[in-house]
$ cat protein_15.pdb   # PDB, C-alpha atoms and all ligand atoms
ATOM      1  CA  MET A   1      54.529 198.403 115.322
ATOM      2  CA  ASN A   2      51.804 197.100 117.652
ATOM      3  CA  ILE A   3      52.222 198.549 121.134
ATOM      4  CA  GLY A   4      50.257 197.271 124.116
ATOM      5  CA  ILE A   5      49.427 199.647 126.954
ATOM      6  CA  ILE A   6      48.581 198.557 130.485
ATOM      7  CA  GLY A   7      46.575 201.507 131.746
ATOM      8  CA  ALA A   8      44.333 203.970 129.961
ATOM      9  CA  GLY A   9      44.859 207.165 131.958
ATOM     10  CA  GLN A  10      46.870 210.315 131.397
ATOM     11  CA  VAL A  11      50.207 208.677 130.516
ATOM     12  CA  ALA A  12      48.618 205.938 128.409
ATOM     13  CA  GLN A  13      46.618 208.443 126.394
ATOM     14  CA  ALA A  14      49.507 210.885 125.883
ATOM     15  CA  PHE A  15      51.710 207.995 124.703
ATOM     16  CA  ALA A  16      48.925 206.617 122.490
ATOM     17  CA  HIS A  17      48.494 209.956 120.699
ATOM     18  CA  LYS A  18      52.220 210.177 119.937
ATOM     19  CA  ALA A  19      52.470 206.522 118.888
ATOM     20  CA  ILE A  20      49.490 206.783 116.539
ATOM     21  CA  GLY A  21      50.869 210.023 115.121
ATOM     22  CA  ALA A  22      54.086 208.160 114.289
ATOM     23  CA  GLY A  23      52.185 205.388 112.476
ATOM     24  CA  HIS A  24      52.024 202.768 115.224
ATOM     25  CA  THR A  25      49.008 200.817 116.449
ATOM     26  CA  VAL A  26      48.071 200.865 120.147
ATOM     27  CA  ILE A  27      46.020 198.472 122.262
ATOM     28  CA  LEU A  28      44.897 199.923 125.589
ATOM     29  CA  SER A  29      43.708 198.113 128.703
ATOM     30  CA  SER A  30      42.518 198.720 132.239
ATOM     31  CA  ARG A  31      40.893 196.814 135.079
ATOM     32  CA  ARG A  32      37.446 197.736 133.819
ATOM     33  CA  GLY A  33      37.728 195.696 130.640
ATOM     34  CA  PRO A  34      37.858 196.648 126.946
ATOM     35  CA  ASP A  35      34.176 197.572 126.618
ATOM     36  CA  ASN A  36      34.635 200.427 129.075
ATOM     37  CA  LEU A  37      37.377 201.859 126.884
ATOM     38  CA  ALA A  38      35.193 201.982 123.740
ATOM     39  CA  ALA A  39      34.701 205.751 123.806
ATOM     40  CA  LEU A  40      38.390 206.358 124.425
ATOM     41  CA  VAL A  41      39.589 204.173 121.541
ATOM     42  CA  GLU A  42      36.963 205.639 119.249
ATOM     43  CA  GLY A  43      38.336 209.081 120.040
ATOM     44  CA  LEU A  44      41.874 207.895 119.280
ATOM     45  CA  GLY A  45      40.828 206.622 115.849
ATOM     46  CA  PRO A  46      41.251 203.427 113.837
ATOM     47  CA  SER A  47      44.826 202.775 115.043
ATOM     48  CA  ALA A  48      43.608 202.208 118.612
ATOM     49  CA  THR A  49      41.799 199.233 120.097
ATOM     50  CA  ALA A  50      41.181 197.908 123.594
ATOM     51  CA  ALA A  51      41.817 194.473 125.085
ATOM     52  CA  THR A  52      42.466 192.835 128.421
ATOM     53  CA  PRO A  53      45.844 193.479 130.100
ATOM     54  CA  ALA A  54      46.819 189.835 129.455
ATOM     55  CA  LYS A  55      46.124 190.186 125.735
ATOM     56  CA  VAL A  56      47.889 193.549 125.595
ATOM     57  CA  ALA A  57      51.021 192.031 127.161
ATOM     58  CA  GLU A  58      51.434 189.688 124.180
ATOM     59  CA  ASN A  59      52.639 192.581 122.027
ATOM     60  CA  PRO A  60      56.362 193.020 121.302
ATOM     61  CA  VAL A  61      56.404 196.366 123.117
ATOM     62  CA  VAL A  62      54.219 197.060 126.142
ATOM     63  CA  LEU A  63      53.889 200.296 128.124
ATOM     64  CA  LEU A  64      53.194 200.039 131.847
ATOM     65  CA  ALA A  65      51.212 203.116 132.900
ATOM     66  CA  VAL A  66      49.363 202.357 136.126
ATOM     67  CA  PRO A  67      49.649 204.034 139.556
ATOM     68  CA  TRP A  68      52.450 202.578 141.679
ATOM     69  CA  PRO A  69      50.136 200.885 144.232
ATOM     70  CA  GLU A  70      48.637 198.924 141.303
ATOM     71  CA  VAL A  71      51.918 197.789 139.734
ATOM     72  CA  ASP A  72      52.151 194.563 141.675
ATOM     73  CA  ALA A  73      48.572 193.479 140.932
ATOM     74  CA  ALA A  74      48.778 194.549 137.294
ATOM     75  CA  LEU A  75      51.969 192.587 136.600
ATOM     76  CA  ARG A  76      51.038 189.508 138.624
ATOM     77  CA  SER A  77      47.863 189.100 136.592
ATOM     78  CA  LEU A  78      49.811 188.678 133.337
ATOM     79  CA  PRO A  79      50.993 185.516 131.591
ATOM     80  CA  THR A  80      54.716 184.710 131.509
ATOM     81  CA  TRP A  81      56.844 187.181 129.572
ATOM     82  CA  HIS A  82      58.962 185.830 126.740
ATOM     83  CA  GLY A  83      61.352 188.601 125.777
ATOM     84  CA  GLN A  84      58.920 191.445 125.083
ATOM     85  CA  ILE A  85      59.963 194.989 125.924
ATOM     86  CA  LEU A  86      58.192 196.503 128.913
ATOM     87  CA  ILE A  87      58.469 200.294 129.033
ATOM     88  CA  ASP A  88      58.067 201.324 132.640
ATOM     89  CA  ALA A  89      56.525 204.778 132.914
ATOM     90  CA  THR A  90      55.481 204.362 136.541
ATOM     91  CA  ASN A  91      56.719 206.504 139.394
ATOM     92  CA  GLY A  92      57.177 205.184 142.903
ATOM     93  CA  PHE A  93      54.409 207.185 144.560
ATOM     94  CA  GLY A  94      52.846 205.014 147.240
ATOM     95  CA  GLU A  95      49.796 205.706 149.365
ATOM     96  CA  ASN A  96      52.110 207.417 151.890
ATOM     97  CA  GLY A  97      54.183 209.416 149.425
ATOM     98  CA  LEU A  98      57.487 208.542 147.789
ATOM     99  CA  VAL A  99      58.460 204.888 148.150
ATOM    100  CA  ASP A 100      62.011 204.237 149.407
ATOM    101  CA  PHE A 101      63.832 201.719 147.199
ATOM    102  CA  ASP A 102      67.070 201.889 149.245
ATOM    103  CA  ASP A 103      69.939 201.691 146.759
ATOM    104  CA  GLY A 104      67.716 200.201 144.067
ATOM    105  CA  SER A 105      65.178 201.720 141.714
ATOM    106  CA  SER A 106      61.453 201.315 141.244
ATOM    107  CA  SER A 107      62.084 199.831 137.804
ATOM    108  CA  GLU A 108      64.162 197.057 139.338
ATOM    109  CA  THR A 109      61.059 196.185 141.335
ATOM    110  CA  VAL A 110      59.062 196.226 138.102
ATOM    111  CA  ALA A 111      61.659 193.983 136.430
ATOM    112  CA  ALA A 112      61.479 191.536 139.333
ATOM    113  CA  LEU A 113      57.693 191.371 138.894
ATOM    114  CA  ALA A 114      58.019 190.789 135.136
ATOM    115  CA  PRO A 115      60.659 188.073 134.713
ATOM    116  CA  GLY A 116      61.322 187.424 131.035
ATOM    117  CA  ALA A 117      60.500 190.998 130.008
ATOM    118  CA  HIS A 118      63.182 193.512 129.003
ATOM    119  CA  VAL A 119      62.314 196.493 131.153
ATOM    120  CA  VAL A 120      63.222 199.987 129.977
ATOM    121  CA  LYS A 121      62.348 202.962 132.133
ATOM    122  CA  ALA A 122      61.199 206.024 130.222
ATOM    123  CA  MET A 123      58.864 209.042 130.358
ATOM    124  CA  ASN A 124      59.111 209.361 134.146
ATOM    125  CA  SER A 125      60.763 212.735 134.340
ATOM    126  CA  LEU A 126      58.248 214.489 132.092
ATOM    127  CA  PHE A 127      54.949 216.036 133.033
ATOM    128  CA  MET A 128      52.418 214.626 130.585
ATOM    129  CA  ALA A 129      51.285 218.167 129.774
ATOM    130  CA  ASN A 130      54.781 218.718 128.324
ATOM    131  CA  PHE A 131      55.063 215.258 126.757
ATOM    132  CA  ALA A 132      51.829 215.939 124.882
ATOM    133  CA  LEU A 133      53.218 219.070 123.211
ATOM    134  CA  GLU A 134      54.931 219.096 119.811
ATOM    135  CA  PRO A 135      58.410 217.693 120.602
ATOM    136  CA  ILE A 136      60.227 219.351 117.698
ATOM    137  CA  SER A 137      60.794 223.079 117.729
ATOM    138  CA  ASP A 138      63.236 225.296 115.925
ATOM    139  CA  GLY A 139      65.994 222.711 115.476
ATOM    140  CA  PHE A 140      65.540 221.331 119.004
ATOM    141  CA  ARG A 141      63.857 218.198 120.278
ATOM    142  CA  ARG A 142      62.308 217.564 123.677
ATOM    143  CA  VAL A 143      64.219 214.890 125.605
ATOM    144  CA  VAL A 144      62.933 211.532 126.784
ATOM    145  CA  PHE A 145      65.386 209.753 129.084
ATOM    146  CA  VAL A 146      65.713 205.977 128.833
ATOM    147  CA  ALA A 147      67.368 203.514 131.198
ATOM    148  CA  GLY A 148      67.674 199.745 131.110
ATOM    149  CA  ASP A 149      69.904 196.724 131.476
ATOM    150  CA  ASP A 150      69.305 195.260 128.000
ATOM    151  CA  SER A 151      71.062 197.342 125.343
ATOM    152  CA  ALA A 152      69.012 196.087 122.403
ATOM    153  CA  ALA A 153      65.725 196.807 124.192
ATOM    154  CA  LYS A 154      66.923 200.228 125.244
ATOM    155  CA  THR A 155      67.948 201.051 121.671
ATOM    156  CA  GLU A 156      64.530 199.944 120.417
ATOM    157  CA  VAL A 157      62.764 202.163 122.948
ATOM    158  CA  ALA A 158      65.074 205.094 122.184
ATOM    159  CA  ASP A 159      64.284 204.602 118.469
ATOM    160  CA  LEU A 160      60.573 204.456 119.264
ATOM    161  CA  PHE A 161      60.572 207.808 121.087
ATOM    162  CA  GLU A 162      62.662 209.315 118.314
ATOM    163  CA  SER A 163      60.006 208.112 115.844
ATOM    164  CA  PHE A 164      57.561 210.248 117.884
ATOM    165  CA  GLY A 165      59.867 213.270 117.406
ATOM    166  CA  PHE A 166      61.706 213.237 120.755
ATOM    167  CA  ALA A 167      65.450 213.040 121.406
ATOM    168  CA  SER A 168      66.365 210.037 123.546
ATOM    169  CA  ILE A 169      69.164 210.187 126.099
ATOM    170  CA  ASP A 170      70.482 206.940 127.524
ATOM    171  CA  LEU A 171      71.058 207.254 131.260
ATOM    172  CA  GLY A 172      72.533 203.796 131.736
ATOM    173  CA  THR A 173      71.245 200.954 133.869
ATOM    174  CA  LEU A 174      67.818 200.420 135.406
ATOM    175  CA  ARG A 175      69.360 201.103 138.800
ATOM    176  CA  LYS A 176      71.399 204.212 138.135
ATOM    177  CA  GLY A 177      69.511 205.629 135.166
ATOM    178  CA  GLY A 178      66.204 204.606 136.680
ATOM    179  CA  ARG A 179      66.952 206.491 139.873
ATOM    180  CA  MET A 180      68.112 209.548 137.934
ATOM    181  CA  GLN A 181      64.794 210.025 136.147
ATOM    182  CA  ALA A 182      62.449 208.848 138.893
ATOM    183  CA  VAL A 183      60.098 211.116 140.775
ATOM    184  CA  GLY A 184      62.024 213.145 143.344
ATOM    185  CA  SER A 185      65.250 213.016 141.276
ATOM    186  CA  THR A 186      67.163 215.945 139.826
ATOM    187  CA  LEU A 187      65.743 215.318 136.364
ATOM    188  CA  ALA A 188      62.129 215.010 137.455
ATOM    189  CA  GLY A 189      59.763 217.696 136.257
ATOM    190  CA  HIS A 190      62.318 219.553 134.129
ATOM    191  CA  ASP A 191      61.765 219.984 130.421
ATOM    192  CA  PHE A 192      65.005 219.324 128.525
ATOM    193  CA  PHE A 193      65.775 219.983 124.861
ATOM    194  CA  LEU A 194      68.666 218.953 122.627
ATOM    195  CA  PRO A 195      69.840 220.534 119.396
ATOM    196  CA  TRP A 196      69.020 217.927 116.765
ATOM    197  CA  PRO A 197      70.644 215.667 115.606
ATOM    198  CA  ALA A 198      72.277 214.784 118.889
ATOM    199  CA  PRO A 199      74.288 211.984 120.471
ATOM    200  CA  ARG A 200      72.284 209.578 122.588
ATOM    201  CA  SER A 201      74.557 209.390 125.557
ATOM    202  CA  PHE A 202      76.857 211.644 127.450
ATOM    203  CA  PRO A 203      80.231 209.904 127.023
ATOM    204  CA  ALA A 204      81.717 210.877 130.355
ATOM    205  CA  PHE A 205      78.607 209.708 132.165
ATOM    206  CA  ASN A 206      78.452 206.298 130.578
ATOM    207  CA  GLY A 207      82.188 205.923 131.097
ATOM    208  CA  GLU A 208      81.470 206.583 134.800
ATOM    209  CA  ARG A 209      84.190 209.185 135.043
TER
ATOM    210  CA  MET B 210      74.079 230.651 122.401
ATOM    211  CA  ASP B 211      77.551 229.136 122.446
ATOM    212  CA  THR B 212      78.302 226.220 120.207
ATOM    213  CA  GLN B 213      79.445 222.879 121.449
ATOM    214  CA  SER B 214      83.124 222.842 122.282
ATOM    215  CA  ARG B 215      85.430 219.988 123.091
ATOM    216  CA  THR B 216      88.819 220.621 124.489
ATOM    217  CA  GLY B 217      89.717 217.128 125.552
ATOM    218  CA  GLN B 218      87.366 217.465 128.491
ATOM    219  CA  GLN B 219      83.643 216.995 128.292
ATOM    220  CA  ILE B 220      81.803 220.270 128.266
ATOM    221  CA  ILE B 221      78.080 220.304 128.752
ATOM    222  CA  GLN B 222      76.221 223.525 128.166
ATOM    223  CA  TYR B 223      72.858 224.409 129.494
ATOM    224  CA  CYS B 224      70.814 227.266 128.187
ATOM    225  CA  TYR B 225      67.637 228.226 130.008
ATOM    226  CA  GLY B 226      64.534 229.814 128.542
ATOM    227  CA  ASP B 227      66.588 232.962 128.067
ATOM    228  CA  PRO B 228      69.252 231.941 125.509
ATOM    229  CA  ASN B 229      71.594 234.536 126.970
ATOM    230  CA  GLU B 230      71.702 232.566 130.174
ATOM    231  CA  VAL B 231      74.277 229.886 129.435
ATOM    232  CA  LEU B 232      75.873 227.749 132.065
ATOM    233  CA  LYS B 233      78.832 225.555 131.205
ATOM    234  CA  VAL B 234      79.748 222.554 133.277
ATOM    235  CA  GLU B 235      83.131 221.096 132.439
ATOM    236  CA  ASP B 236      84.767 217.808 133.267
ATOM    237  CA  ALA B 237      81.727 216.511 135.074
ATOM    238  CA  THR B 238      79.654 213.403 134.892
ATOM    239  CA  PHE B 239      76.188 213.858 133.438
ATOM    240  CA  GLU B 240      74.766 213.445 136.918
ATOM    241  CA  GLN B 241      77.025 216.128 138.391
ATOM    242  CA  ALA B 242      76.261 218.485 135.532
ATOM    243  CA  ILE B 243      72.516 217.969 135.809
ATOM    244  CA  THR B 244      72.633 218.492 139.545
ATOM    245  CA  ALA B 245      74.470 221.758 139.005
ATOM    246  CA  VAL B 246      71.892 223.177 136.648
ATOM    247  CA  THR B 247      68.629 221.880 138.039
ATOM    248  CA  ALA B 248      68.909 223.956 141.180
ATOM    249  CA  PRO B 249      65.528 225.084 142.503
ATOM    250  CA  SER B 250      66.352 228.694 141.604
ATOM    251  CA  LYS B 251      66.506 227.766 137.900
ATOM    252  CA  THR B 252      63.353 227.857 135.838
ATOM    253  CA  GLY B 253      62.421 227.409 132.211
ATOM    254  CA  ASN B 254      63.278 224.940 129.515
ATOM    255  CA  ILE B 255      66.794 223.541 129.631
ATOM    256  CA  ILE B 256      68.713 223.073 126.406
ATOM    257  CA  LEU B 257      71.471 220.501 126.747
ATOM    258  CA  LYS B 258      74.569 220.545 124.562
ATOM    259  CA  PHE B 259      77.222 217.931 124.892
TER
HETATM  260  N1  LIG C   1      50.633 211.937 134.897
HETATM  261  C1  LIG C   1      51.911 212.249 134.708
HETATM  262  O1  LIG C   1      52.264 213.416 134.367
HETATM  263  C2  LIG C   1      52.950 211.204 134.883
HETATM  264  C3  LIG C   1      54.236 211.448 134.367
HETATM  265  C4  LIG C   1      55.191 210.444 134.457
HETATM  266  C5  LIG C   1      54.893 209.247 135.079
HETATM  267  N2  LIG C   1      53.648 209.047 135.621
HETATM  268  C6  LIG C   1      53.376 207.733 136.250
HETATM  269  O2  LIG C   1      52.705 206.941 135.287
HETATM  270  C7  LIG C   1      51.754 206.067 135.927
HETATM  271  C8  LIG C   1      50.377 206.320 135.357
HETATM  272  O3  LIG C   1      50.024 207.659 135.628
HETATM  273  P1  LIG C   1      48.704 208.317 135.038
HETATM  274  O4  LIG C   1      48.803 209.758 135.338
HETATM  275  O5  LIG C   1      48.471 207.867 133.657
HETATM  276  O6  LIG C   1      47.580 207.634 135.988
HETATM  277  P2  LIG C   1      45.995 207.624 135.786
HETATM  278  O7  LIG C   1      45.601 208.754 134.892
HETATM  279  O8  LIG C   1      45.417 207.508 137.148
HETATM  280  O9  LIG C   1      45.729 206.268 134.981
HETATM  281  C9  LIG C   1      46.003 205.025 135.520
HETATM  282  C10 LIG C   1      45.392 203.973 134.628
HETATM  283  O10 LIG C   1      45.781 202.677 135.095
HETATM  284  C11 LIG C   1      44.632 201.817 135.081
HETATM  285  N3  LIG C   1      44.869 200.756 136.056
HETATM  286  C12 LIG C   1      44.951 200.869 137.404
HETATM  287  N4  LIG C   1      45.209 199.680 137.950
HETATM  288  C13 LIG C   1      45.320 198.791 136.930
HETATM  289  C14 LIG C   1      45.598 197.394 136.861
HETATM  290  N5  LIG C   1      45.811 196.677 137.971
HETATM  291  N6  LIG C   1      45.614 196.807 135.638
HETATM  292  C15 LIG C   1      45.385 197.527 134.522
HETATM  293  N7  LIG C   1      45.133 198.856 134.530
HETATM  294  C16 LIG C   1      45.103 199.476 135.720
HETATM  295  C17 LIG C   1      43.491 202.738 135.417
HETATM  296  O11 LIG C   1      42.255 202.251 134.966
HETATM  297  P3  LIG C   1      41.222 201.459 135.932
HETATM  298  O12 LIG C   1      41.253 202.162 137.252
HETATM  299  O13 LIG C   1      39.942 201.576 135.206
HETATM  300  O14 LIG C   1      41.748 200.080 135.981
HETATM  301  C18 LIG C   1      43.872 203.984 134.606
HETATM  302  O15 LIG C   1      43.432 203.850 133.265
HETATM  303  C19 LIG C   1      51.864 206.359 137.411
HETATM  304  O16 LIG C   1      52.740 205.427 138.006
HETATM  305  C20 LIG C   1      52.463 207.763 137.455
HETATM  306  O17 LIG C   1      53.189 208.009 138.643
HETATM  307  C21 LIG C   1      52.670 209.991 135.523
END

$ encode --input "protein_15.pdb" --output "structure tokens"
Amino acid sequence: MNIGIIGAGQVAQAFAHKAIGAGHTVILSSRRGPDNLAALVEGLGPSATAATPAKVAENPVVLLAVPWPEVDAALRSLPTWHGQILIDATNGFGENGLVDFDDGSSSETVAALAPGAHVVKAMNSLFMANFALEPISDGFRRVVFVAGDDSAAKTEVADLFESFGFASIDLGTLRKGGRMQAVGSTLAGHDFFLPWPAPRSFPAFNGER
Amino acid sequence: MDTQSRTGQQIIQYCYGDPNEVLKVEDATFEQAITAVTAPSKTGNIILKF
């Protein structure tokens, strides 16, 4: 699968390594233009290229991996979305610390800025140092939480992370599941593992008991 | 490490870095269970079983 990445920093690179390892092709981007990413893509090998953010966003799956204060500018610069999946890895860290989204979630803000995209929040709870490690160990898999309002998109993203070797757990909607894995939440920063194979959702949770 | 058990109620088990340290949370939502086991005093990898 061709996966576009908006951003070329720590999260983008950690994701790119895993995606390439699983046989996917990645296209990275940043504000500085593709030429400035030449050394990075060369280091990632033949399955990586660089392009402009607008070009990157044409891919069927796109990862958003820019600092929160840049989210608005990054998304506004893109052409209209037409059903692509946008994986939101951003955390709501503003210039003055954690951003307050009231009862909503940062990913709902992302979704509002990307109409036509199917936004799935993922990767937020993990430190990239842990994400970068081998996800399979001794019958267990490291967990990536996913949240979103479009079931098909969420399943595709869950499948994608499982193709990298992770176990995906579905936390529900962008609002509830997004808040649960966001920075400052109970899940944030913890490193979870599941015995593999495992169910993708906790039945009582999704049944809202 | 205990195995997964289902007794008509959801049981979620958490094992920390030390596999002898097992915490069971029964009849809870995922959110309640996670909140119970991600207390600041807890450290290490968390193995979920549900
Ligand atoms: N690091 C972690 O452990 C971690 C874990 C989970 C989630 N997150 C979240 O993931 C996001 C990315 O974090 P990071 O650690 O990867 O940040 P980073 O290392 O600072 O990288 C950010 C990247 O975004 C690019 N960028 C900035 N503004 C842009 C724009 N308008 N359009 C296109 N590209 C733009 C930057 O390149 P230029 O400046 O050259 O444009 C840079 O390549 C953040 O929201 C962070 O909170 C981070």

$ resolve_selection --input "protein_15.pdb" --expression "the PyMOL selection byres (((chain A and resi 63-76) around 7) and not hetatm)" --output "list of chain:residue names"
A:Gly4, A:Ile5, A:Ile6, A:Gly7, A:Val11, A:Ala12, A:Val61, A:Val62, A:Ser77, A:Leu78, A:Leu86, A:Ile87, A:Asp88, A:Ala89, A:Thr90, A:Asn91, A:Gly92, A:Phe93, A:Gly94, A:Leu113, A:Ala114

$ axis_aligned_box --input "protein_15.pdb" --around "ligand LIG 1 (chain C)" --padding-each-side "6 Å" --output "JSON"
{"center_x": 47.6, "center_y": 205.0, "center_z": 136.0, "size_x": 27.2, "size_y": 28.7, "size_z": 17.4}

$ interface_residues --input "protein_15.pdb" --of "chain B" --to "chain A" --cutoff "6 Å" --atoms "only C-alpha atoms" --output "PDB file with C-alpha atoms, in the frame of the given file"
ATOM      1  CA  THR B 238      79.654 213.403 134.892  1.00  0.00           C
ATOM      2  CA  PHE B 239      76.188 213.858 133.438  1.00  0.00           C
ATOM      3  CA  ASN B 254      63.278 224.940 129.515  1.00  0.00           C
ATOM      4  CA  ILE B 255      66.794 223.541 129.631  1.00  0.00           C
ATOM      5  CA  ILE B 256      68.713 223.073 126.406  1.00  0.00           C
ATOM      6  CA  LEU B 257      71.471 220.501 126.747  1.00  0.00           C
TER       7      LEU B 257
END

$ resolve_selection --input "protein_15.pdb" --expression "the PyMOL selection byres (((chain A and resi 48) around 8) and not hetatm)" --output "PyMOL selection string"
chain A and resi 16+20+25-28+41-42+44-47+49-50

$ closest_residue --input "protein_15.pdb" --among "A:Ala8, A:Ala132, A:Ala117, A:Ala158" --to "ligand LIG 1 (chain C)" --atoms "only C-alpha atoms and all ligand atoms"
A:Ala8

$ atom_distance --input "protein_15.pdb" --atom1 "CA of Lys258 in chain B" --atom2 "CA of Ile136 in chain A"
15.9 Å

$ resolve_selection --input "protein_15.pdb" --expression "the PyMOL selection byres (((chain A and resi 83) around 12) and not hetatm)" --output "list in words"
Ala57, Glu58, Asn59, Pro60, Val61, Val62, Thr80, Trp81, His82, Gln84, Ile85, Leu86, Ala111, Ala114, Pro115, Gly116, Ala117, His118, Val119, Asp150, Ala152 and Ala153 of chain A

$ closest_residue --input "protein_15.pdb" --among "A:Val56, A:Ala129, A:Leu37, A:Ala182" --to "Asp100 in chain A" --atoms "all atoms listed in the file"
A:Ala182

$ closest_residue --input "protein_15.pdb" --among "A:Phe101, A:Phe127, A:Phe15, A:Phe161" --to "ligand LIG 1 (chain C)" --atoms "all atoms listed in the file"
A:Phe127

$ closest_residue --input "protein_15.pdb" --among "A:Ala14, A:Leu160, A:Ala39, A:Ala22" --to "ligand LIG 1 (chain C)" --atoms "all atoms listed in the file"
A:Ala14

$ residues_near_point --input "protein_15.pdb" --point "(74.0, 220.0, 139.5)" --cutoff "12 Å" --atoms "all atoms listed in the file" --output "list in words"
Ser185, Thr186 and Leu187 of chain A; Ile221, Tyr223, Leu232, Lys233, Val234, Glu235, Ala237, Thr238, Phe239, Glu240, Gln241, Ala242, Ile243, Thr244, Ala245, Val246, Thr247, Ala248, Pro249, Ser250 and Lys251 of chain B

$ write_last_selection --input "protein_15.pdb" --atoms "C-alpha atoms" --output "compact mmCIF listing (two decimals), in the coordinates of the input"
# COMPACT_ATOMS: atom_id res chain seq x y z
CA SER A 185 65.25 213.02 141.28
CA THR A 186 67.16 215.94 139.83
CA LEU A 187 65.74 215.32 136.36
CA ILE B 221 78.08 220.30 128.75
CA TYR B 223 72.86 224.41 129.49
CA LEU B 232 75.87 227.75 132.06
CA LYS B 233 78.83 225.56 131.21
CA VAL B 234 79.75 222.55 133.28
CA GLU B 235 83.13 221.10 132.44
CA ALA B 237 81.73 216.51 135.07
CA THR B 238 79.65 213.40 134.89
CA PHE B 239 76.19 213.86 133.44
CA GLU B 240 74.77 213.44 136.92
CA GLN B 241 77.03 216.13 138.39
CA ALA B 242 76.26 218.48 135.53
CA ILE B 243 72.52 217.97 135.81
CA THR B 244 72.63 218.49 139.54
CA ALA B 245 74.47 221.76 139.00
CA VAL B 246 71.89 223.18 136.65
CA THR B 247 68.63 221.88 138.04
CA ALA B 248 68.91 223.96 141.18
CA PRO B 249 65.53 225.08 142.50
CA SER B 250 66.35 228.69 141.60
CA LYS B 251 66.51 227.77 137.90

$ atom_distance --input "protein_15.pdb" --atom1 "CA of Lys55 in chain A" --atom2 "atom O15 of ligand LIG 1 (chain C)"
15.8 Å

$ build_atoms --input "protein_15.pdb" --residues "range 36-48 of chain A" --atoms "N, CA and C atoms" --output "PDB file, in the coordinates of the input"
ATOM      1  N   ASN A  36      34.667 199.119 128.418  1.00  0.00           N
ATOM      2  CA  ASN A  36      34.635 200.427 129.075  1.00  0.00           C
ATOM      3  C   ASN A  36      35.586 201.437 128.436  1.00  0.00           C
ATOM      4  N   LEU A  37      36.432 200.950 127.545  1.00  0.00           N
ATOM      5  CA  LEU A  37      37.377 201.859 126.884  1.00  0.00           C
ATOM      6  C   LEU A  37      36.917 202.207 125.458  1.00  0.00           C
ATOM      7  N   ALA A  38      35.679 201.804 125.121  1.00  0.00           N
ATOM      8  CA  ALA A  38      35.193 201.982 123.740  1.00  0.00           C
ATOM      9  C   ALA A  38      35.218 203.450 123.317  1.00  0.00           C
ATOM     10  N   ALA A  39      34.747 204.328 124.184  1.00  0.00           N
ATOM     11  CA  ALA A  39      34.701 205.751 123.806  1.00  0.00           C
ATOM     12  C   ALA A  39      36.118 206.299 123.628  1.00  0.00           C
ATOM     13  N   LEU A  40      37.006 205.881 124.506  1.00  0.00           N
ATOM     14  CA  LEU A  40      38.390 206.358 124.425  1.00  0.00           C
ATOM     15  C   LEU A  40      39.037 205.923 123.111  1.00  0.00           C
ATOM     16  N   VAL A  41      38.923 204.639 122.765  1.00  0.00           N
ATOM     17  CA  VAL A  41      39.589 204.173 121.541  1.00  0.00           C
ATOM     18  C   VAL A  41      38.915 204.766 120.296  1.00  0.00           C
ATOM     19  N   GLU A  42      37.622 205.004 120.403  1.00  0.00           N
ATOM     20  CA  GLU A  42      36.963 205.639 119.249  1.00  0.00           C
ATOM     21  C   GLU A  42      37.531 207.040 119.030  1.00  0.00           C
ATOM     22  N   GLY A  43      37.759 207.735 120.132  1.00  0.00           N
ATOM     23  CA  GLY A  43      38.336 209.081 120.040  1.00  0.00           C
ATOM     24  C   GLY A  43      39.755 209.068 119.489  1.00  0.00           C
ATOM     25  N   LEU A  44      40.484 207.982 119.759  1.00  0.00           N
ATOM     26  CA  LEU A  44      41.874 207.895 119.280  1.00  0.00           C
ATOM     27  C   LEU A  44      41.941 207.508 117.802  1.00  0.00           C
ATOM     28  N   GLY A  45      40.864 206.953 117.276  1.00  0.00           N
ATOM     29  CA  GLY A  45      40.828 206.622 115.849  1.00  0.00           C
ATOM     30  C   GLY A  45      41.116 205.164 115.562  1.00  0.00           C
ATOM     31  N   PRO A  46      41.181 204.840 114.249  1.00  0.00           N
ATOM     32  CA  PRO A  46      41.251 203.427 113.837  1.00  0.00           C
ATOM     33  C   PRO A  46      42.543 202.706 114.245  1.00  0.00           C
ATOM     34  N   SER A  47      43.571 203.437 114.640  1.00  0.00           N
ATOM     35  CA  SER A  47      44.826 202.775 115.043  1.00  0.00           C
ATOM     36  C   SER A  47      44.827 202.386 116.514  1.00  0.00           C
ATOM     37  N   ALA A  48      43.689 202.578 117.193  1.00  0.00           N
ATOM     38  CA  ALA A  48      43.608 202.208 118.612  1.00  0.00           C
ATOM     39  C   ALA A  48      42.514 201.172 118.822  1.00  0.00           C
TER      40      ALA A  48
END
